[in-house]
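Read through the structure below, which is laid out as structure tokens, and then see the notes.
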Amino acid sequence: MTREILVISAGVSEPSSTRLLADRLADATVAGVSTRGEAANVNVLELKELARDLATAMTTGVPTPALIAAQEAAASADGVIAVTPVFAASYSGLFKMFFDVLDPDALTGVPVLIAATAGTPRHSLVLDHALRPLFSYLRAQVLPTGVFAATEDFASVELPSRISRGAAELAAALVADGGSVAGFGGPSNLERPVRSGTAKDLGPVADFASLLRGHTGTV
């Protein structure tokens with residue numbers, strides 16, 4: 001059985017350290033899946049190529065064909081590697097926009113390996129303060145190890161070990177029954193709910209003024 005891995009890279013430069021880290025994580029994950037007797041296929045989603053599509057969807061509510069294809073790729077992935085550069089002490093706006101236009105159930109139960117790049121080690125807490133809460137809100141299965149790489153880390157001996165550990169956790173999740181993380185306390189027979197790639201039509205929404213009409217302001 002071939003596991004489908006979606007790599008989401010929000011790098012904007014060329015060459016991109018964000019894409020470099022994403023590729024290294026993907027390669028290590030594929031190797032980990034292979035050693036467990038399975039195969040993996042990697043699909044890379046470069047968000048900078050969807051910048052106009054995301055802006056259109058955010059301002060009109062209508063996704064373009066390219067964005068719909070990206071949403072469907074996320075909804076059908078067995079596992080996700082999500083990597084963002086750090087802008088203003090958090091994930092990039094481009095990164096957040098993509099997850100804003102996903103159906104809320106698209107990543108439910110999906111193992112996600114989070115990673116980030118920055119120019120300084122001072123931003124390393126972005127993994128736990130920004131990315132982990134985002135994917136927890138989306139009910140994804142956020143893996144225990146996140147991978148952060150400052151510019152100087154790419155020449156260090158520590159980064160490869162962090163990549164190996166995070167990739168091993170994702171590989172274990174991909175080959176476990178139902179996608180649970182083997183060895184991390186999750187049930188091995190977890191059944192994921194049906195996921196969809198595009199946002200649901202919630203129908204007409206009452207405006208805030210109507211909701212407050214007749215309210216006295218007292219509790």
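Identifiers in the structure tokens: chain A, B, ... in order shown; residue index from 1 per chain; ligand index from 1 in order shown.
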
**Prompt:** Can you list, as a PyMOL selection string, every protein, DNA or RNA residue that comes within 10 Å of range 68-75 of chain A when you count only C-alpha atoms, leaving out same-chain residues fewer than 2 positions away?
**Reply:** chain A and resi 4-8+43-47+50+53+62-66+77-80+98-99+101-103+105-108+110+194-199

**Item:** Residues within 8 Å of Leu127 in chain A, only C-alpha atoms, excluding chain neighbours under 4 positions, as a VMD selection string
**Value:** chain A and resid 114 to 116 131 to 132 146 to 148

Can I get the selected residues back with N, CA and C atoms, as a PDB file, in the first residue's frame?
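The result, stored in again-v1.pdb:
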```
ATOM      1  N   ILE A 114       5.017  19.219  12.018  1.00  0.00           N
ATOM      2  CA  ILE A 114       5.142  20.670  11.887  1.00  0.00           C
ATOM      3  C   ILE A 114       6.612  21.066  11.895  1.00  0.00           C
ATOM      4  N   ALA A 115       6.927  22.121  11.129  1.00  0.00           N
ATOM      5  CA  ALA A 115       8.310  22.594  11.043  1.00  0.00           C
ATOM      6  C   ALA A 115       8.310  24.068  10.669  1.00  0.00           C
ATOM      7  N   ALA A 116       9.397  24.751  11.001  1.00  0.00           N
ATOM      8  CA  ALA A 116       9.503  26.177  10.702  1.00  0.00           C
ATOM      9  C   ALA A 116      10.959  26.561  10.506  1.00  0.00           C
ATOM     10  N   LEU A 131       2.084  27.029  15.637  1.00  0.00           N
ATOM     11  CA  LEU A 131       1.713  25.920  14.755  1.00  0.00           C
ATOM     12  C   LEU A 131       0.925  24.822  15.464  1.00  0.00           C
ATOM     13  N   ARG A 132       1.384  24.424  16.633  1.00  0.00           N
ATOM     14  CA  ARG A 132       0.688  23.329  17.324  1.00  0.00           C
ATOM     15  C   ARG A 132      -0.765  23.700  17.672  1.00  0.00           C
ATOM     16  N   GLY A 146       8.418  18.590  16.734  1.00  0.00           N
ATOM     17  CA  GLY A 146       8.413  19.597  15.678  1.00  0.00           C
ATOM     18  C   GLY A 146       9.857  19.921  15.334  1.00  0.00           C
ATOM     19  N   VAL A 147      10.091  20.385  14.125  1.00  0.00           N
ATOM     20  CA  VAL A 147      11.465  20.661  13.681  1.00  0.00           C
ATOM     21  C   VAL A 147      11.602  22.138  13.347  1.00  0.00           C
ATOM     22  N   PHE A 148      12.497  22.803  14.064  1.00  0.00           N
ATOM     23  CA  PHE A 148      12.784  24.218  13.809  1.00  0.00           C
ATOM     24  C   PHE A 148      14.215  24.336  13.306  1.00  0.00           C
TER      25      PHE A 148
END
```

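Nearest residue to Ala10 in chain A among A:Pro121, A:Pro104, A:Gly37, A:Gly93 is A:Gly93, counting only C-alpha atoms.
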
**Request:** Name the residues in contact with Ile163 in chain A at a cut-off of 8 Å, using only C-alpha atoms, excluding same-chain residues fewer than 5 positions from it; report them as an NGL selection string.
**Result:** :A and (24-25 or 28 or 147)

**Message:** Under the rule that only C-alpha atoms are counted, which of A:Ala149, A:Ala26, A:Leu138, A:Leu54 is the nearest residue to Ala118 in chain A?
**Reply:** A:Ala149

**Asked** How far is it from CA of Arg36 in chain A to CA of Ala168 in chain A, in Å with one decimal?
**Response**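 Going from CA of Arg36 in chain A over to CA of Ala168 in chain A, I get 10.2 Å.
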
**Message:** One number please: CA of Ile81 in chain A to CA of Leu159 in chain A, in Å, one decimal.
**Reply:**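 Computed distance, CA of Ile81 in chain A to CA of Leu159 in chain A, equals 16.3 Å.
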
**Prompt:** If you run DSSP on the backbone, which residues of chain A are strand (DSSP E), as a PyMOL selection string?
**Reply:** chain A and resi 2-9+39-46+79-87+90-91+111-118+141-142+147-150

Atoms to include: N, CA and C atoms. Write the selected residues as a CSV table (one decimal), in the first residue's frame.
```csv
chain,number,residue,atom,x,y,z
A,2,THR,N,0.5,2.2,-0.8
A,2,THR,CA,1.3,3.5,-0.9
A,2,THR,C,0.6,4.5,-0.1
A,3,ARG,N,1.4,5.1,0.8
A,3,ARG,CA,0.9,6.2,1.6
A,3,ARG,C,1.1,7.6,0.9
A,4,GLU,N,0.1,8.4,1.0
A,4,GLU,CA,0.2,9.7,0.3
A,4,GLU,C,0.6,10.8,1.3
A,5,ILE,N,1.8,11.4,1.1
A,5,ILE,CA,2.3,12.5,1.9
A,5,ILE,C,2.2,13.8,1.2
A,6,LEU,N,1.5,14.8,1.8
A,6,LEU,CA,1.4,16.1,1.3
A,6,LEU,C,2.4,17.0,2.0
A,7,VAL,N,3.3,17.6,1.3
A,7,VAL,CA,4.3,18.6,1.8
A,7,VAL,C,3.7,20.0,1.5
A,8,ILE,N,3.5,20.8,2.5
A,8,ILE,CA,3.0,22.1,2.4
A,8,ILE,C,4.1,23.1,2.7
A,9,SER,N,4.7,23.8,1.7
A,9,SER,CA,5.8,24.7,2.0
A,9,SER,C,5.3,26.1,1.7
A,39,ALA,N,5.3,1.8,1.1
A,39,ALA,CA,5.8,2.8,0.1
A,39,ALA,C,5.1,4.1,0.4
A,40,ALA,N,5.7,5.2,-0.1
A,40,ALA,CA,5.1,6.5,0.1
A,40,ALA,C,5.3,7.3,-1.1
A,41,ASN,N,4.3,8.1,-1.4
A,41,ASN,CA,4.3,9.1,-2.6
A,41,ASN,C,4.3,10.5,-2.0
A,42,VAL,N,5.1,11.3,-2.5
A,42,VAL,CA,5.2,12.7,-1.9
A,42,VAL,C,4.6,13.7,-3.0
A,43,ASN,N,3.7,14.5,-2.5
A,43,ASN,CA,3.1,15.6,-3.3
A,43,ASN,C,3.5,16.9,-2.7
A,44,VAL,N,4.2,17.8,-3.4
A,44,VAL,CA,4.6,19.1,-2.8
A,44,VAL,C,3.7,20.2,-3.2
A,45,LEU,N,3.2,21.0,-2.2
A,45,LEU,CA,2.4,22.1,-2.5
A,45,LEU,C,3.1,23.4,-2.1
A,46,GLU,N,3.5,24.1,-3.1
A,46,GLU,CA,4.2,25.4,-2.9
A,46,GLU,C,3.2,26.5,-2.8
A,79,GLY,N,-0.8,11.8,5.4
A,79,GLY,CA,0.0,12.5,6.3
A,79,GLY,C,0.5,13.8,5.7
A,80,VAL,N,0.8,14.8,6.6
A,80,VAL,CA,1.1,16.1,6.1
A,80,VAL,C,2.4,16.6,6.8
A,81,ILE,N,3.3,17.2,6.0
A,81,ILE,CA,4.5,17.9,6.5
A,81,ILE,C,4.2,19.4,6.2
A,82,ALA,N,4.1,20.2,7.2
A,82,ALA,CA,3.7,21.6,7.1
A,82,ALA,C,4.9,22.4,7.5
A,83,VAL,N,5.5,23.2,6.6
A,83,VAL,CA,6.6,24.0,7.0
A,83,VAL,C,6.4,25.5,6.6
A,84,THR,N,6.7,26.4,7.5
A,84,THR,CA,6.5,27.8,7.3
A,84,THR,C,7.7,28.6,7.7
A,85,PRO,N,8.0,29.7,7.0
A,85,PRO,CA,9.0,30.6,7.5
A,85,PRO,C,8.3,31.4,8.6
A,86,VAL,N,9.1,32.0,9.5
A,86,VAL,CA,8.6,32.8,10.6
A,86,VAL,C,8.6,34.3,10.2
A,87,PHE,N,7.4,34.9,10.2
A,87,PHE,CA,7.3,36.3,9.9
A,87,PHE,C,6.6,36.9,11.2
A,90,SER,N,5.6,34.6,14.1
A,90,SER,CA,4.5,33.6,13.9
A,90,SER,C,4.6,33.0,12.5
A,91,TYR,N,3.7,32.1,12.1
A,91,TYR,CA,3.7,31.6,10.8
A,91,TYR,C,3.3,32.7,9.8
A,111,PRO,N,-2.1,12.6,10.7
A,111,PRO,CA,-0.8,13.0,11.3
A,111,PRO,C,-0.1,14.1,10.6
A,112,VAL,N,0.3,15.1,11.4
A,112,VAL,CA,1.0,16.3,10.8
A,112,VAL,C,2.3,16.5,11.5
A,113,LEU,N,3.4,16.6,10.7
A,113,LEU,CA,4.7,17.0,11.2
A,113,LEU,C,4.9,18.4,10.9
A,114,ILE,N,5.0,19.2,12.0
A,114,ILE,CA,5.1,20.7,11.9
A,114,ILE,C,6.6,21.1,11.9
A,115,ALA,N,6.9,22.1,11.1
A,115,ALA,CA,8.3,22.6,11.0
A,115,ALA,C,8.3,24.1,10.7
A,116,ALA,N,9.4,24.8,11.0
A,116,ALA,CA,9.5,26.2,10.7
A,116,ALA,C,11.0,26.6,10.5
A,117,THR,N,11.2,27.6,9.7
A,117,THR,CA,12.5,28.2,9.5
A,117,THR,C,12.5,29.6,9.9
A,118,ALA,N,13.7,30.1,10.3
A,118,ALA,CA,13.8,31.6,10.7
A,118,ALA,C,15.3,32.0,10.6
A,141,GLN,N,-3.7,15.2,14.0
A,141,GLN,CA,-2.9,14.5,15.0
A,141,GLN,C,-1.4,15.1,14.9
A,142,VAL,N,-1.2,16.1,15.7
A,142,VAL,CA,0.1,16.8,15.7
A,142,VAL,C,1.1,15.9,16.3
A,147,VAL,N,10.1,20.4,14.1
A,147,VAL,CA,11.5,20.7,13.7
A,147,VAL,C,11.6,22.1,13.3
A,148,PHE,N,12.5,22.8,14.1
A,148,PHE,CA,12.8,24.2,13.8
A,148,PHE,C,14.2,24.3,13.3
A,149,ALA,N,14.4,25.2,12.3
A,149,ALA,CA,15.8,25.4,11.8
A,149,ALA,C,16.0,26.9,11.5
A,150,ALA,N,16.9,27.4,12.3
A,150,ALA,CA,17.4,28.8,12.1
A,150,ALA,C,18.5,28.7,10.9
```

**Request:** Using DSSP on the backbone coordinates, identify the residues of range 38-117 of chain A assigned to helix (DSSP H, G or I); present them as an MDAnalysis selection string.
**Result:** chainID A and resid 47:60 65:76 93:100

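For the residues A:Val126, A:Ala22, A:Ala173, A:Asp100, ranking by smallest atom-to-atom distance to Ala57 in chain A using only C-alpha atoms places A:Asp100 first.
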
**Request:** Can you work out the spacing between CA of Asp27 in chain A and CA of Gly166 in chain A in Å, to one decimal?
**Result:** 11.7 Å

**Residue with smallest distance to Thr29 in chain A - pool A:Ala176, A:Ala167, A:Glu14, A:Arg122, counting only C-alpha atoms** =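 Of A:Ala176, A:Ala167, A:Glu14, A:Arg122, the one nearest Thr29 in chain A, counting only C-alpha atoms, is A:Ala167.
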